[in-house]
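So this block is run.cif, mmCIF, C-alpha atoms and all ligand atoms:
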```cif
data_protein
loop_
_atom_site.label_atom_id
_atom_site.label_comp_id
_atom_site.auth_asym_id
_atom_site.auth_seq_id
_atom_site.Cartn_x
_atom_site.Cartn_y
_atom_site.Cartn_z
CA MET T 1 -4.31 23.47 -2.52
CA ARG T 2 -6.21 21.32 -0.05
CA PRO T 3 -9.55 19.54 0.12
CA ALA T 4 -12.33 22.02 0.87
CA THR T 5 -14.59 19.61 2.73
CA LYS T 6 -14.06 17.23 5.64
CA THR T 7 -15.14 14.24 3.57
CA LEU T 8 -12.52 12.89 1.23
CA VAL T 9 -12.93 10.30 -1.50
CA VAL T 10 -10.06 7.82 -1.54
CA ALA T 11 -9.80 6.19 -4.94
CA THR T 12 -9.41 2.61 -3.78
CA LYS T 13 -11.38 -0.62 -3.64
CA ASN T 14 -8.87 -2.19 -1.24
CA ARG T 15 -10.65 -2.52 2.11
CA GLY T 16 -7.36 -2.78 4.01
CA LYS T 17 -6.17 0.54 2.60
CA ALA T 18 -9.56 2.18 3.19
CA ARG T 19 -9.50 1.07 6.82
CA GLU T 20 -6.02 2.53 7.30
CA PHE T 21 -6.95 5.82 5.67
CA SER T 22 -10.05 6.11 7.87
CA ALA T 23 -7.88 5.64 10.97
CA LEU T 24 -5.19 8.03 9.72
CA PHE T 25 -7.71 10.79 8.87
CA GLU T 26 -9.91 10.33 11.93
CA PRO T 27 -7.72 12.35 14.34
CA LEU T 28 -7.91 15.21 11.86
CA GLY T 29 -11.71 15.11 11.90
CA TRP T 30 -11.92 13.81 8.34
CA GLU T 31 -14.24 11.16 7.05
CA VAL T 32 -13.07 8.85 4.29
CA ARG T 33 -15.20 7.45 1.51
CA SER T 34 -13.76 4.67 -0.65
CA LEU T 35 -14.93 3.37 -4.02
CA ASN T 36 -16.67 0.54 -2.18
CA ASP T 37 -19.17 3.19 -1.00
CA TYR T 38 -20.24 3.76 -4.61
CA ASP T 39 -22.42 1.30 -6.47
CA ARG T 40 -20.35 -0.72 -8.97
CA PHE T 41 -17.63 1.88 -9.54
CA PRO T 42 -15.82 0.59 -12.67
CA ASP T 43 -12.36 -0.93 -12.21
CA ILE T 44 -9.61 1.52 -13.18
CA VAL T 45 -6.88 0.27 -15.54
CA GLU T 46 -3.55 0.76 -13.74
CA ASP T 47 -1.10 0.65 -16.64
CA GLY T 48 1.48 3.17 -15.41
CA ASP T 49 5.17 2.29 -15.07
CA THR T 50 5.57 3.76 -11.61
CA PHE T 51 3.61 3.91 -8.35
CA ALA T 52 3.17 7.65 -8.82
CA ALA T 53 1.87 7.25 -12.39
CA ASN T 54 -0.70 4.68 -11.25
CA ALA T 55 -1.77 6.81 -8.29
CA LEU T 56 -2.34 9.72 -10.68
CA ILE T 57 -4.34 7.52 -13.05
CA LYS T 58 -6.62 6.43 -10.20
CA ALA T 59 -7.04 9.91 -8.71
CA ARG T 60 -7.84 11.48 -12.10
CA ALA T 61 -10.28 8.70 -13.01
CA VAL T 62 -12.25 9.31 -9.82
CA VAL T 63 -12.22 13.09 -10.28
CA ALA T 64 -13.52 12.59 -13.83
CA ALA T 65 -16.25 10.20 -12.71
CA LEU T 66 -17.45 11.96 -9.56
CA GLY T 67 -16.45 15.60 -10.06
CA VAL T 68 -14.95 15.88 -6.58
CA PRO T 69 -11.33 15.94 -5.32
CA ALA T 70 -9.81 12.50 -4.83
CA LEU T 71 -6.83 10.97 -3.11
CA ALA T 72 -5.40 7.76 -4.62
CA ASP T 73 -2.86 5.28 -3.29
CA ASP T 74 -0.69 3.05 -5.42
CA SER T 75 1.57 0.91 -3.37
CA GLY T 76 3.48 -2.33 -3.34
CA LEU T 77 6.40 -4.40 -2.24
CA CYS T 78 9.91 -4.12 -3.72
CA VAL T 79 12.28 -6.98 -2.89
CA ASP T 80 16.02 -6.55 -3.42
CA ALA T 81 16.70 -10.19 -4.32
CA LEU T 82 13.92 -10.01 -6.92
CA ASP T 83 15.39 -6.86 -8.49
CA GLY T 84 12.56 -4.74 -7.07
CA ALA T 85 9.71 -7.11 -7.97
CA PRO T 86 6.79 -7.39 -7.55
CA GLY T 87 6.83 -3.54 -7.51
CA VAL T 88 3.99 -1.97 -9.46
CA TYR T 89 2.71 -5.49 -10.19
CA SER T 90 2.28 -6.31 -6.49
CA ALA T 91 -1.53 -6.65 -6.67
CA ARG T 92 -1.45 -9.05 -9.64
CA TYR T 93 1.87 -10.80 -8.97
CA ALA T 94 0.23 -14.25 -9.07
CA GLY T 95 -2.25 -13.23 -11.80
CA GLU T 96 -5.76 -11.83 -11.85
CA PRO T 97 -8.10 -11.56 -10.05
CA ALA T 98 -5.82 -10.28 -7.29
CA ASP T 99 -5.39 -12.78 -4.45
CA ASP T 100 -3.27 -11.97 -1.36
CA ALA T 101 -2.64 -15.63 -0.45
CA ALA T 102 -1.54 -16.52 -3.99
CA ASN T 103 0.69 -13.44 -4.15
CA ASN T 104 2.37 -14.34 -0.85
CA ALA T 105 2.88 -17.96 -1.94
CA LYS T 106 4.49 -16.83 -5.18
CA LEU T 107 6.72 -14.35 -3.36
CA ILE T 108 8.16 -17.00 -1.05
CA ALA T 109 8.44 -19.58 -3.86
CA GLU T 110 10.39 -17.10 -6.02
CA LEU T 111 12.78 -16.22 -3.20
CA LYS T 112 13.41 -19.88 -2.40
CA ARG T 113 13.88 -20.72 -6.07
CA ARG T 114 16.57 -18.04 -6.30
CA GLY T 115 18.27 -19.29 -3.16
CA ALA T 116 17.72 -15.92 -1.51
CA LEU T 117 17.53 -17.49 1.94
CA LEU T 118 20.06 -15.53 4.00
CA ALA T 119 19.82 -17.13 7.40
CA PRO T 120 18.10 -20.20 8.83
CA ALA T 121 15.31 -19.79 11.34
CA GLU T 122 16.62 -19.80 14.89
CA ALA T 123 14.83 -19.88 18.18
CA GLY T 124 12.90 -16.63 18.44
CA ARG T 125 14.26 -15.31 15.18
CA PRO T 126 12.57 -15.84 11.85
CA ALA T 127 14.34 -16.97 8.70
CA LEU T 128 15.19 -13.72 6.95
CA LEU T 129 14.83 -14.08 3.24
CA SER T 130 15.60 -10.76 1.72
CA ALA T 131 15.71 -7.05 2.29
CA ALA T 132 12.58 -5.36 1.01
CA ARG T 133 10.57 -2.19 1.21
CA PHE T 134 6.97 -1.17 1.01
CA VAL T 135 6.42 1.88 -1.17
CA CYS T 136 3.32 4.06 -1.28
CA ALA T 137 2.65 6.82 -3.79
CA LEU T 138 -0.27 9.11 -3.12
CA ALA T 139 -1.86 11.36 -5.70
CA TYR T 140 -4.36 14.07 -4.88
CA ALA T 141 -6.31 15.53 -7.79
CA GLU T 142 -8.90 18.29 -8.05
CA PRO T 143 -11.62 18.87 -10.68
CA GLY T 144 -9.76 21.94 -11.96
CA GLY T 145 -6.86 19.69 -13.02
CA ARG T 146 -4.40 20.43 -10.25
CA VAL T 147 -2.53 17.44 -8.84
CA ARG T 148 -0.01 16.75 -6.12
CA THR T 149 1.93 13.54 -5.39
CA ALA T 150 3.74 12.26 -2.31
CA GLU T 151 5.69 9.11 -1.51
CA GLY T 152 6.53 7.03 1.55
CA VAL T 153 8.86 4.08 2.02
CA CYS T 154 9.06 1.52 4.85
CA ALA T 155 12.10 -0.75 4.98
CA GLY T 156 12.09 -4.32 6.27
CA ALA T 157 12.78 -7.90 5.25
CA ILE T 158 10.76 -10.79 3.90
CA VAL T 159 10.35 -13.79 6.20
CA ALA T 160 9.58 -17.31 5.00
CA ASP T 161 6.90 -18.06 7.56
CA ALA T 162 3.77 -15.93 7.67
CA ARG T 163 3.09 -14.40 11.09
CA GLY T 164 0.24 -12.28 12.38
CA ALA T 165 -3.36 -11.66 11.37
CA ASN T 166 -3.58 -7.86 11.23
CA GLY T 167 -3.16 -5.64 8.20
CA PHE T 168 -3.54 -7.06 4.70
CA GLY T 169 -1.66 -8.11 1.58
CA TYR T 170 2.00 -8.94 2.13
CA ASP T 171 1.99 -7.85 5.80
CA PRO T 172 2.38 -11.40 7.29
CA HIS T 173 5.72 -11.83 5.46
CA PHE T 174 7.08 -8.31 6.01
CA TYR T 175 9.38 -8.26 9.04
CA LEU T 176 10.35 -5.05 10.81
CA PRO T 177 13.68 -5.52 12.63
CA GLU T 178 13.04 -2.55 14.94
CA PHE T 179 9.89 -4.25 16.30
CA GLY T 180 11.01 -7.88 15.94
CA LEU T 181 7.55 -8.43 14.46
CA THR T 182 5.92 -8.71 11.08
CA MET T 183 3.68 -5.90 9.87
CA ALA T 184 0.70 -8.24 10.44
CA GLU T 185 1.69 -8.60 14.11
CA LEU T 186 1.61 -4.84 14.68
CA THR T 187 -1.55 -3.20 15.96
CA ALA T 188 -3.29 -0.86 13.54
CA GLU T 189 -1.92 2.06 15.57
CA GLN T 190 1.65 0.75 15.36
CA LYS T 191 1.41 0.16 11.61
CA ASN T 192 -0.08 3.61 11.09
CA ALA T 193 2.84 5.16 12.94
CA VAL T 194 5.52 3.70 10.67
CA SER T 195 3.97 2.51 7.41
CA HIS T 196 4.80 3.67 3.90
CA ARG T 197 1.19 4.85 3.65
CA ALA T 198 1.37 6.91 6.84
CA GLN T 199 4.64 8.53 5.75
CA ALA T 200 3.27 9.42 2.32
CA LEU T 201 0.14 10.85 3.94
CA ARG T 202 2.18 12.96 6.35
CA GLN T 203 4.00 14.41 3.35
CA MET T 204 0.73 15.05 1.49
CA ILE T 205 -0.80 16.77 4.53
CA SER T 206 2.26 19.00 4.80
CA PHE T 207 1.75 19.97 1.13
CA TRP T 208 -1.90 20.76 1.91
CA GLU T 209 -0.79 23.00 4.76
CA GLU T 210 1.67 24.98 2.63
O1 LIG P 301 -5.78 -0.16 -6.65
P1 LIG P 301 -6.62 -0.14 -5.39
O2 LIG P 301 -8.09 -0.17 -5.64
O3 LIG P 301 -6.21 0.98 -4.46
O4 LIG P 301 -6.31 -1.50 -4.56
P2 LIG P 301 -5.13 -2.55 -4.85
O5 LIG P 301 -5.18 -3.57 -3.78
O6 LIG P 301 -5.22 -3.04 -6.26
O7 LIG P 301 -3.85 -1.67 -4.63
P3 LIG P 301 -2.58 -1.44 -5.59
O8 LIG P 301 -2.98 -1.50 -7.00
O9 LIG P 301 -1.91 -0.21 -5.06
O10 LIG P 301 -1.69 -2.70 -5.27
C1 LIG P 301 -1.04 -2.77 -4.02
C2 LIG P 301 -0.54 -4.17 -3.75
O11 LIG P 301 0.47 -4.09 -2.75
C3 LIG P 301 -0.01 -4.66 -1.55
N1 LIG P 301 0.18 -3.69 -0.47
C4 LIG P 301 0.09 -2.33 -0.54
N2 LIG P 301 0.20 -1.77 0.67
C5 LIG P 301 0.35 -2.79 1.53
C6 LIG P 301 0.47 -2.85 2.93
O12 LIG P 301 0.40 -1.77 3.68
N3 LIG P 301 0.61 -4.05 3.48
C7 LIG P 301 0.63 -5.17 2.74
N4 LIG P 301 0.50 -5.21 1.42
C8 LIG P 301 0.35 -4.02 0.82
C9 LIG P 301 -1.49 -4.90 -1.73
O13 LIG P 301 -1.92 -6.05 -1.02
C10 LIG P 301 -1.62 -5.09 -3.23
O14 LIG P 301 -1.32 -6.43 -3.57
MG MG P 302 -4.93 -1.77 -7.85
#
```
Entire entry expressed as structure tokens:
Amino acid sequence: MRPATKTLVVATKNRGKAREFSALFEPLGWEVRSLNDYDRFPDIVEDGDTFAANALIKARAVVAALGVPALADDSGLCVDALDGAPGVYSARYAGEPADDAANNAKLIAELKRRGALLAPAEAGRPALLSAARFVCALAYAEPGGRVRTAEGVCAGAIVADARGANGFGYDPHFYLPEFGLTMAELTAEQKNAVSHRAQALRQMISFWEE
């Protein structure tokens, strides 16, 4: 089970995700089309309890609407000190419509309110707030009804002060100890080598190659 053409519809309206998928698929000679390439594609209700359930909802909705295979991504941030929140609510953590800046502000406010500050900022080292992970579930669906899901996880920690201008979403607050940088300070190539999305996609591609 694998896409039959070299153009793949990715069931997302998130331009940051679409950009990453384009870069991840490019070396394979694949072209990515996102829902932003379709005129007024209706918003899909993401009411699943898990990342995988929401990814399946999005992939199936796009297959139903367009009649072609689709890959969907449902992802988010899980913070230990917040008992895994915002989790599947990451996009609408601070309410709707989704707003990255408001979500980040709420994340830091919640961690401070709970006294989850572990260490003060020191010269050259950011204030580490709390262990966290990015999770990405991918779902690939075909018109015949077949589906396949994959998942990737990227571990890090939340930092109080936003750093970096690359990436999107929670990236400026997501610190990777192995780089000593936030996800938003990584180049696109660096992020695509280690991200939850890249890991999930590697798994999905291995399923396609089976
Ligand atoms: O549903 P689609 O249309 O794909 O777009 P979305 O932005 O609503 O995507 P999700 O429902 O999967 O919500 C994901 C949330 O987690 C955030 N997120 C996911 N991957 C991320 C990453 O690589 N870096 C930073 N934030 C990320 C993102 O900003 C959203 O707030
Ligand atoms: Mg969404």
**OP:** Just give me the gap between atom CA of T:Ala65 and atom CA of T:Arg146 in Å, one decimal is fine.
**Re:**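 Value for the atom CA of T:Ala65-atom CA of T:Arg146 distance: 15.8 Å.
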Subject >> Surrounding residues as a PyMOL selection string, ligand MG 302 (chain P), max 12 Å, all atoms listed in the file >> reply: chain T and resi 11-15+17+35+43-48+51+54-55+57-59+72-76+87-93+96-99+169
What are the centre and edge lengths in Å, to one decimal, of the axis-aligned box around all listed atoms of stretch 202-207 of chain T with 6 Å added on each side, as JSON?
```
{"center_x": 1.6, "center_y": 16.5, "center_z": 3.7, "size_x": 16.8, "size_y": 19.0, "size_z": 17.2}
```
Original post:
Please, what distance in Å, to one decimal, runs between atom CA of T:Arg148 and atom CA of T:Leu201?
Top reply: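 Atom-to-atom, atom CA of T:Arg148 and atom CA of T:Leu201 are spaced 11.7 Å apart.
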**OP:** Can you work out which one of T:Leu129, T:Leu176, T:Ala70, T:Ala137 has the shortest atom-to-atom distance to ligand LIG 301 (chain P), counting all atoms listed in the file?
**Re:**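 Ranked by minimum distance to ligand LIG 301 (chain P), first place goes to T:Ala137.
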Subject >> From T:Glu185, T:Asp100, T:Asp80, T:Glu31, residue lying nearest ligand LIG 301 (chain P) [all atoms listed in the file] >> reply: T:Asp100
**OP:** Might you pull out every residue within 12 Å of T:Ala141, with all atoms listed in the file counted and same-chain residues fewer than 3 positions away left off, and present them as a VMD selection string?
**Re:** chain T and resid 1 to 3 8 to 11 55 to 64 66 to 73 138 144 to 150 204 208
Those residues you just picked out, can you put them in a file as a tab-separated table (two decimals), in the frame of the given file with C-alpha atoms?
```tsv
chain	number	residue	atom	x	y	z
T	1	MET	CA	-4.31	23.47	-2.52
T	2	ARG	CA	-6.21	21.32	-0.05
T	3	PRO	CA	-9.55	19.54	0.12
T	8	LEU	CA	-12.52	12.89	1.23
T	9	VAL	CA	-12.93	10.30	-1.50
T	10	VAL	CA	-10.06	7.82	-1.54
T	11	ALA	CA	-9.80	6.19	-4.94
T	55	ALA	CA	-1.77	6.81	-8.29
T	56	LEU	CA	-2.34	9.72	-10.68
T	57	ILE	CA	-4.34	7.52	-13.05
T	58	LYS	CA	-6.62	6.43	-10.20
T	59	ALA	CA	-7.04	9.91	-8.71
T	60	ARG	CA	-7.84	11.48	-12.10
T	61	ALA	CA	-10.28	8.70	-13.01
T	62	VAL	CA	-12.25	9.31	-9.82
T	63	VAL	CA	-12.22	13.09	-10.28
T	64	ALA	CA	-13.52	12.59	-13.83
T	66	LEU	CA	-17.45	11.96	-9.56
T	67	GLY	CA	-16.45	15.60	-10.06
T	68	VAL	CA	-14.95	15.88	-6.58
T	69	PRO	CA	-11.33	15.94	-5.32
T	70	ALA	CA	-9.81	12.50	-4.83
T	71	LEU	CA	-6.83	10.97	-3.11
T	72	ALA	CA	-5.40	7.76	-4.62
T	73	ASP	CA	-2.86	5.28	-3.29
T	138	LEU	CA	-0.27	9.11	-3.12
T	144	GLY	CA	-9.76	21.94	-11.96
T	145	GLY	CA	-6.86	19.69	-13.02
T	146	ARG	CA	-4.40	20.43	-10.25
T	147	VAL	CA	-2.53	17.44	-8.84
T	148	ARG	CA	-0.01	16.75	-6.12
T	149	THR	CA	1.93	13.54	-5.39
T	150	ALA	CA	3.74	12.26	-2.31
T	204	MET	CA	0.73	15.05	1.49
T	208	TRP	CA	-1.90	20.76	1.91
```
**OP:** Would you mind listing what lies within 7 Å of T:Gly156 as a count of residues only, with all atoms listed in the file counted and same-chain residues fewer than 4 positions away left out?
**Re:** 7
**OP:** For T:Leu24, work out the shell of residues within 9 Å, counting only C-alpha atoms and skipping chain neighbours fewer than 6 positions away, then give it as a ChimeraX atom specification.
**Re:** /T:30,189,192,198,201
Subject >> Pick from T:Gly95, T:Ala85, T:Asn166, T:Thr187, whichever lies nearest to T:Leu111 using only C-alpha atoms >> reply: T:Ala85
**OP:** Considering all atoms listed in the file, return as an NGL selection string whatever protein or nucleic-acid residues lie within 8 Å of T:Glu151, sequence-local ones (same chain, fewer than 6 positions apart) excluded.
**Re:** :T and (52 or 135-138 or 196 or 199-201 or 203)
**OP:** Could you jot down the atom CA of T:Lys6 to atom C7 of ligand LIG 301 (chain P) separation for me, Å, one decimal place?
**Re:**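 Here the two named atoms are 26.9 Å from each other.
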Original post:
Which residues come within 9 Å of T:Leu107, counting only C-alpha atoms, excluding same-chain residues fewer than 5 positions away, as JSON, numbers by chain?
Top reply: {"T": [86, 93, 94, 102, 112]}
Subject >> Residue nearest ligand LIG 301 (chain P) among T:Glu142, T:Glu178, T:Asp171, T:Glu20 (counting all atoms listed in the file) >> reply: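 Of the candidates, the smallest distance to ligand LIG 301 (chain P) is held by T:Asp171.
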Subject >> Which residue of T:Thr5, T:Val153, T:Arg19, T:Met183 approaches ligand LIG 301 (chain P) most closely, using only C-alpha atoms and all ligand atoms >> reply: T:Met183
